[in-house]
Amino acid sequence: MLDRVDGQLARYTRRFSPFGGWLDTMADRVKEAAVYAGLAAGAQGDGWVLAVGLLLLITVRQQSDTWYLALHDEAAARATPSTGRLGRLSHRVQSDQGSPAYWLKQTALFPIGARWAVVAVSAALFDQRVALVAMLVCAALSAAYTLVLRTVRAFSMRVPVLALADPTLYRDDGAAAHLVRRWTVPPLATAVLAGAGAAAALLVARSGGSEAAALALLALVLAAALGAWHPHDGPLDWLVPAALRAAELLFVVAVGVVYDVPLPIVYLLLASLALHHCDFTTRLEKRVEGPPLHRLGLGWDGRAVLLVVGAFAGAAAPRSRCSACTLWRLWWLTPGERGVTARSDADAAFLPL
């Protein structure tokens with residue numbers, strides 16, 4: 001209940017600020033990461049495994065939410081015949097807030113209020129492990145539901161929202177993207193290929209395969225950089241940032257498994273990456289300039305290479321902790337660019353499908 005008080009108070013007093021929107025969004029992410037870590041620490045057996053999977057899924061889902069909202073807003077502004085029908089339908093659904101269908105659809109989006117409810121009820125009635133399993137199942141079902149519906153609608157809207165800005169900035173690309181800028185291939189295909197490579201690396205690591213086989217898939221992950229300079233004008237290219245986040249996070253987990261990095265440290269690095277990407281998309285949501293120290297974050301490709309180099313040097317766990325601390329420092333050292341009007345999770349409870 002208290003989680004919603006700040007947003008309701010701001011609306012009641014009509015006192016809004018860009019920093020307040022940023023702080024509300026980031027505070028929600030910090031609270032979630034801390035709660036899942038607490039549940040994992042108190043759970044029996046595979047608690048940290050469940051927490052890592054849950055954090056990864058929610059981070060990727062939040063990235064897709066951000067870019068679908070941008071796509072939806074751009075489509076509504078253009079108001080073509082196809083997007084006009086979508087806009088009328090969306091307006092009709094959103095305006096009928098008293099209908100059961102409306103609240104069922106909003107619950108299916110699994111906003112933060114619903115997530116807190118699932119955690120509270122399942123942890124109170126059962127235990128921490130059941131709470132994590134319930135969260136993972138609900139998050140997976142919600143992600144599948146929204147992905148299918150939004151993909152269908154994106155094909156009907158056909159709005160190249162990522163083509164309206166610098167794609168390398170929005171993708172969080174590093175040096176690899178600049179080195180291969182003369183070769184361009186469709187970005188979504190390479191991002192999905194990178195995600196598949198990272199998932200394969202994790203499967204190899206889990207099955208006890210050699211570290212050489214798992215780390216050789218780094219080249220497949222880095223292949224996503226080939227799509228950085230290709231026009232991001234496809235109907236589904238709004239999914240590229242989410243696919244890149246999935247590839248990066250899965251690869252981090254794979255390296256951690258190969259080199260026996262303790263799962264709490266893997267979780268710490270994933271939480272740092274999740275906050276880094278949430279901070280970045282919150283700043284850029286209204287197409288304002290990105291953080292001034294963004295390049296010091298090395299980009300998703302630079303961080304993957306750095307992690308592998310540290311792993312080969314026999315310092316996977318220290319490198320993971322160092323990367324996490326670096327991302328936290330960059331996050332807090334760049335307060336001057338927080339001039340962005342972000343949708344808080346109080347507003348995210350009413351996202352369009």
# chains A, B, ... in the order shown; residues from 1 in each chain; ligands from 1
>>> residues_around(residues="Thr66 of chain A", least_positions_apart="4", cutoff="9 Å", atoms="only C-alpha atoms", output="list in words")
Arg61, Gln62, Ala70, Leu71, Thr281, Thr282 and Glu285 of chain A
>>> closest_residue(among="A:Asp28, A:Asp73, A:Glu248, A:Asp279", to="Val305 of chain A", atoms="only C-alpha atoms")
A:Glu248
>>> select_by_dssp(residues="segment 126-258 of chain A", states="helix (DSSP H, G or I)", output="PyMOL selection string")
chain A and resi 128-157+161-164+167-171+175-179+187-206+211-216+218-227+237-258
>>> residues_around(residues="Ala194 of chain A", least_positions_apart="4", cutoff="7 Å", atoms="only C-alpha atoms", output="ChimeraX atom specification")
/A:190,198,220-224,247
>>> closest_residue(among="A:Glu74, A:Asp260, A:Asp65, A:Asp24", to="Arg150 of chain A", atoms="only C-alpha atoms")
A:Asp65
>>> atom_distance(atom1="atom CA of Asp172 of chain A", atom2="atom CA of Trp300 of chain A")
6.2 Å
>>> residues_around(residues="segment 32-44 of chain A", least_positions_apart="3", cutoff="7 Å", atoms="only C-alpha atoms", output="NGL selection string")
:A and (28-29 or 47-48 or 51 or 128-129 or 271)
